Each structure stands twice: as structure tokens, then as C-alpha cells.
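Student: Structure file target-v3.txt, compact mmCIF, C-alpha atoms, is pasted below:
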```
# COMPACT_ATOMS: atom_id res chain seq x y z
CA GLU V 565 0.00 0.00 0.00
CA LYS V 566 2.86 2.38 0.82
CA GLU V 567 4.43 1.73 -2.59
CA SER V 568 1.22 2.67 -4.42
CA GLU V 569 0.99 5.94 -2.47
CA LYS V 570 4.55 6.91 -3.43
CA LYS V 571 4.73 9.54 -6.14
CA GLY V 572 6.14 8.34 -9.43
CA PRO V 573 8.90 9.77 -11.58
CA PHE V 574 8.67 12.51 -14.20
CA ILE V 575 9.13 12.25 -17.96
CA ILE V 576 9.52 15.73 -19.41
CA CYS V 577 9.31 16.34 -23.18
CA VAL V 578 10.62 19.78 -24.14
CA ASP V 579 10.04 21.30 -27.57
CA SER V 580 13.38 22.66 -28.78
CA SER V 581 12.20 23.77 -32.22
CA GLY V 582 12.87 27.19 -33.72
CA SER V 583 9.42 28.53 -32.78
CA MET V 584 10.40 28.09 -29.11
CA HIS V 585 13.39 30.45 -29.38
CA GLY V 586 13.37 33.47 -27.03
CA THR V 587 10.83 33.79 -24.21
CA PRO V 588 9.24 30.35 -24.81
CA GLU V 589 12.70 28.76 -24.53
CA THR V 590 13.37 30.57 -21.25
CA VAL V 591 10.00 29.52 -19.84
CA ALA V 592 10.54 25.90 -20.94
CA LYS V 593 14.02 25.69 -19.40
CA THR V 594 12.85 27.36 -16.18
CA LEU V 595 9.94 24.93 -15.88
CA CYS V 596 12.26 21.96 -16.43
CA PHE V 597 14.60 23.23 -13.76
CA ALA V 598 11.68 23.74 -11.33
CA ILE V 599 10.41 20.20 -11.90
CA LEU V 600 13.95 18.85 -11.49
CA LYS V 601 14.19 20.61 -8.13
CA ILE V 602 10.92 18.96 -7.08
CA ALA V 603 12.24 15.60 -8.27
CA ILE V 604 15.42 16.02 -6.23
CA ARG V 605 13.47 17.13 -3.16
CA ASP V 606 11.09 14.18 -3.39
CA ASN V 607 13.71 11.66 -4.54
CA ARG V 608 11.84 11.06 -7.81
CA LYS V 609 13.51 9.91 -11.00
CA CYS V 610 13.36 12.10 -14.08
CA TYR V 611 13.76 11.46 -17.81
CA LEU V 612 14.23 14.46 -20.10
CA ILE V 613 13.41 14.36 -23.81
CA SER V 614 14.26 17.31 -26.03
CA PHE V 615 12.57 17.29 -29.44
CA SER V 616 12.39 19.21 -32.68
CA THR V 617 12.84 17.07 -35.82
CA GLY V 618 14.69 14.44 -33.73
CA ILE V 619 15.06 13.71 -30.02
CA GLU V 620 17.79 13.91 -27.38
CA THR V 621 17.31 12.14 -24.06
CA LEU V 622 18.77 12.31 -20.58
CA ASN V 623 18.00 9.65 -17.98
CA LEU V 624 18.29 11.09 -14.48
CA THR V 625 17.85 8.20 -12.09
CA ASP V 626 20.56 9.73 -9.85
CA LEU V 627 19.57 13.39 -9.89
CA LYS V 628 21.83 14.58 -7.08
CA ASN V 629 24.94 13.55 -9.04
CA SER V 630 23.77 14.73 -12.46
CA LEU V 631 24.10 18.51 -12.25
CA ASP V 632 26.65 18.77 -15.11
CA LYS V 633 24.42 16.69 -17.39
CA ILE V 634 21.37 18.78 -16.48
CA ILE V 635 23.19 22.06 -17.19
CA SER V 636 24.42 20.74 -20.54
CA PHE V 637 20.93 19.53 -21.48
CA LEU V 638 19.27 22.82 -20.54
CA SER V 639 21.98 24.81 -22.38
CA MET V 640 21.02 23.42 -25.79
CA SER V 641 19.84 26.02 -28.25
CA PHE V 642 16.41 25.79 -29.80
CA ASN V 643 16.10 25.46 -33.60
CA GLY V 644 14.60 23.29 -36.35
CA GLY V 645 11.10 22.06 -37.06
CA THR V 646 8.64 20.34 -34.73
CA ASP V 647 7.74 16.66 -34.59
CA ALA V 648 6.46 15.68 -31.14
CA THR V 649 5.50 12.11 -32.05
CA PRO V 650 9.01 10.60 -31.59
CA ALA V 651 9.26 12.31 -28.17
CA MET V 652 5.86 10.99 -27.08
CA GLN V 653 6.74 7.53 -28.40
CA GLU V 654 9.96 7.62 -26.35
CA ALA V 655 7.98 8.66 -23.26
CA LEU V 656 5.51 5.82 -23.85
CA THR V 657 8.41 3.36 -24.20
CA MET V 658 9.92 4.60 -20.92
CA LEU V 659 6.55 3.99 -19.20
CA THR V 660 7.07 0.29 -19.87
CA THR V 661 10.33 0.22 -17.87
CA GLN V 662 10.58 -0.49 -14.17
CA ASP V 663 12.16 2.93 -13.42
CA TYR V 664 9.42 4.98 -15.10
CA LYS V 665 6.26 2.99 -14.51
CA LYS V 666 3.42 5.35 -13.51
CA ALA V 667 5.44 8.46 -14.32
CA ASP V 668 3.83 11.84 -14.89
CA VAL V 669 4.46 12.81 -18.53
CA ILE V 670 4.81 16.55 -19.11
CA MET V 671 5.12 18.07 -22.58
CA VAL V 672 6.32 21.66 -22.79
CA SER V 673 5.73 23.31 -26.17
CA ASP V 674 4.01 26.04 -28.09
CA PHE V 675 2.11 23.12 -29.69
CA ILE V 676 2.55 24.51 -33.19
CA MET V 677 2.71 20.96 -34.54
CA PRO V 678 0.68 18.26 -36.20
CA SER V 679 -1.54 16.00 -34.09
CA PHE V 680 -0.25 12.65 -32.85
CA ASN V 681 -0.94 9.72 -35.17
CA LYS V 682 -3.66 7.20 -34.25
CA ILE V 683 -1.18 4.59 -32.96
CA THR V 684 0.38 7.10 -30.56
CA GLN V 685 -3.06 8.29 -29.43
CA GLU V 686 -4.09 4.70 -28.67
CA LYS V 687 -0.89 4.13 -26.66
CA ILE V 688 -1.60 7.31 -24.67
CA LYS V 689 -5.11 6.01 -23.86
CA THR V 690 -3.64 2.69 -22.72
CA ALA V 691 -1.09 4.48 -20.50
CA LYS V 692 -3.87 6.60 -18.99
CA ALA V 693 -5.76 3.41 -18.16
CA ASN V 694 -2.61 2.31 -16.28
CA GLU V 695 -2.71 5.46 -14.07
CA THR V 696 -0.27 7.60 -16.06
CA LYS V 697 -1.13 11.30 -16.12
CA PHE V 698 -0.27 13.41 -19.17
CA HIS V 699 0.21 17.15 -18.70
CA SER V 700 0.85 19.83 -21.31
CA LEU V 701 2.26 23.28 -20.81
CA VAL V 702 1.24 25.39 -23.77
CA ILE V 703 3.50 28.41 -24.20
CA GLY V 704 1.87 31.16 -26.24
CA SER V 705 -1.50 31.20 -27.94
CA SER V 706 -0.94 29.42 -31.28
CA LYS V 707 -1.61 25.85 -30.12
CA ASN V 708 -3.06 22.98 -32.11
CA PRO V 709 -6.25 22.07 -30.15
CA ALA V 710 -6.29 18.58 -31.70
CA THR V 711 -2.90 17.81 -30.12
CA ILE V 712 -3.59 19.10 -26.61
CA GLN V 713 -6.82 17.10 -26.35
CA ASP V 714 -4.64 13.99 -25.77
CA PHE V 715 -3.52 15.36 -22.36
CA ASP V 716 -5.24 15.08 -18.97
CA ASN V 717 -4.23 18.59 -17.91
CA ASN V 718 -3.47 21.55 -20.13
CA TRP V 719 -1.69 24.50 -18.60
CA PHE V 720 -1.22 27.72 -20.50
CA TYR V 721 1.50 30.34 -20.26
CA ASP V 722 1.05 33.58 -22.14
CA ALA V 723 3.74 36.21 -21.59
CA ASN V 724 1.12 38.90 -22.25
CA ASN V 725 -1.05 37.71 -19.34
CA PRO V 726 0.27 38.90 -15.95
CA HIS V 727 -1.55 36.06 -14.15
CA SER V 728 0.00 33.25 -16.25
CA THR V 729 3.04 32.80 -14.02
CA LEU V 730 1.05 32.53 -10.78
CA THR V 731 -1.44 30.11 -12.35
CA LEU V 732 1.40 27.98 -13.71
CA VAL V 733 3.12 27.81 -10.32
CA LYS V 734 -0.15 26.72 -8.68
CA ASN V 735 -0.68 24.02 -11.32
CA ILE V 736 2.81 22.61 -10.84
CA HIS V 737 2.39 22.68 -7.07
CA ASN V 738 -0.88 20.76 -7.36
CA MET V 739 0.79 18.11 -9.51
CA THR V 740 3.51 17.35 -6.95
```
Give the structure from the file, written as C-alpha cells.
Tutor:
Amino acid sequence: EKESEKKGPFIICVDSSGSMHGTPETVAKTLCFAILKIAIRDNRKCYLISFSTGIETLNLTDLKNSLDKIISFLSMSFNGGTDATPAMQEALTMLTTQDYKKADVIMVSDFIMPSFNKITQEKIKTAKANETKFHSLVIGSSKNPATIQDFDNNWFYDANNPHSTLTLVKNIHNMT
């Protein structure tokens, strides 16, 4: 019973495409760092996936000794096109491993992208049935509504809205 009450790890998918350059990039990197701090505090594993037209991954099962890797990962510049499907497929694959079973999956993007294909959508539904929660952080206001409908929670950050930051902080706090 104690094991089932324990909070699971995080899988964070960060859009590193060209449309995320500037303020969206700063918000995305800051959010990743905040979630990593929560993971360290709560002794939760974390898996980072950066995506544009390809993916880069960083497995952080030992967060306290991974600071150099984290800094390097968060220092990457944002450029290229956007294809979130390989990142989501990687997250779904990680959910089948012992280390990342029942993880919270968080995708950070402006969601200027095509929708997930039917196979990926079906795998997301299956993961949800196995108690995985999918969260999106939409940066900006140009999202693809068909893509964000696949998530349990959709959080929005708009630099032009002075209340966005406070709302985002509350949403992250409620997740942890």
C-alpha cells in the first residue's frame, strides 16, 4: 500500500524547435529546472526528452549527481522544425520500464505541430488506463487544439497575461 501511495517519476518532453526560441525557450528551461528541483526534493527519477525534428534524451535516475548533465541539457539552443511524435513515443516506451512505470508525462511546447498519429493516441489512452497522467504546458496562444486534447491537464502560459506565471506555479504545485 505504501508503494502505491509513493509519487512516481517525471518524464519531461521539451520542444526545442525554432518557434520556441526566445521567451518560450526561457520559460521551458525554467519549468524543467523547477520540476527537477521537485524531483530532487522528493527523490523522484526524471527522464528528459528534447525534441524538434529528432530527439535527445537524458535519464536522471541519480539526480543529485547529475548537475553537469542537467546544465548541458538545458543549455542546448532551440532550432529546427517540430515533430512531437518521436518524443511521445519515447515517453511511452519509458513507461514500460521499471524505473518509469506510472510516471507523470509533461510536454512543454508552443504546440505549433501536427496532431499525434492514431497509434500514438491509442498508446496514450492505454497508458492513462494504467494510471499515467499526461500534462501539457502550452507556451503562447498558437496551439493545435487537436494535439492538446490527448492530455489530462493543459496548462497555459502567455507572456502577455500577468496572471500566467502565478497560475502555472499553482498548477505545478498541485501536480507534486
Student: Please measure the separation of atom CA of Leu624 of chain V and atom CA of Pro573 of chain V, giving the value in Å to one decimal.
Tutor: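 Separation of atom CA of Leu624 of chain V and atom CA of Pro573 of chain V: 9.9 Å.
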Student: Need to verify the contact set: Tyr611 of chain V, 7 Å, only C-alpha atoms, exclusion of same-chain residues closer than 4 positions in sequence. Can you return it as a PyMOL selection string?
Tutor: chain V and resi 574-576+622-624
Student: Which residue, V:Ser581, V:Thr649, V:Thr661, V:Thr621, has the smallest gap to Ser636 of chain V when you use all atoms listed in the file?
Tutor: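 Among V:Ser581, V:Thr649, V:Thr661, V:Thr621, it is V:Thr621 that comes nearest to Ser636 of chain V.
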Student: Using all atoms listed in the file, which of the listed residues (V:Met640, V:Leu659, V:Ser679, V:Phe720) sits closest to Thr590 of chain V?
Tutor: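 Once distances to Thr590 of chain V are computed over all atoms listed in the file, the minimum belongs to V:Met640.
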Student: What is the atom CA of Ile602 of chain V to atom CA of Ser630 of chain V distance in Å?
Tutor: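 Atom CA of Ser630 of chain V lies at a distance of 14.6 Å from atom CA of Ile602 of chain V.
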Student: Pick out the residues sitting within 10 Å of Met652 of chain V, and hand them over as number ranges by chain; count all atoms listed in the file, and ignore anything fewer than 2 positions along from it in its own chain.
Tutor: V: 575-577, 613, 615, 647-650, 654-658, 669-671, 680, 684-685, 687-688
Student: Nearest to Phe698 of chain V: which of V:Gly645, V:Phe715, V:Tyr721, V:Glu686 is it, counting all atoms listed in the file?
Tutor: V:Phe715
Student: Skipping near chain neighbours, those fewer than 2 positions away, what residues fall within 12 Å of Met677 of chain V using all atoms listed in the file, listed as a ChimeraX atom specification?
Tutor: /V:579,581-584,615-617,645-649,673-675,679-681,702,706-712
Student: When you count all atoms listed in the file, which of these residues is closest to Asn718 of chain V: V:Ile683, V:Ala693, V:Val672, V:Ile599?
Tutor: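 The shortest atom-to-atom distance to Asn718 of chain V comes from V:Val672.
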Student: What is the distance, in Å and to one decimal place, between atom CA of Leu638 of chain V and atom CA of Cys596 of chain V?
Tutor: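 According to the coordinates, atom CA of Leu638 of chain V and atom CA of Cys596 of chain V are separated by 8.2 Å.
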Student: Could you tell me which of V:Glu589, V:Val578, V:Thr594, V:Leu600 comes closest to Ser614 of chain V if we count all atoms listed in the file?
Tutor: V:Val578
Student: Select, from V:Thr660, V:Ser639, V:Gln713, V:Asn607, the residue with the minimum atom-to-atom distance to Asn694 of chain V, counting all atoms listed in the file.
Tutor: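 Selected residue with least distance to Asn694 of chain V: V:Thr660.
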Student: Enclose the full set of atoms of segment 584-594 of chain V listed in the file within a box whose edges lie along x, y and z, apply 5 Å of padding to each of the six sides, and report centre and edge lengths in Å to one decimal as lines of an AutoDock Vina configuration file.
Tutor:
```
center_x = 11.6
center_y = 29.7
center_z = -22.8
size_x = 14.8
size_y = 18.1
size_z = 23.2
```
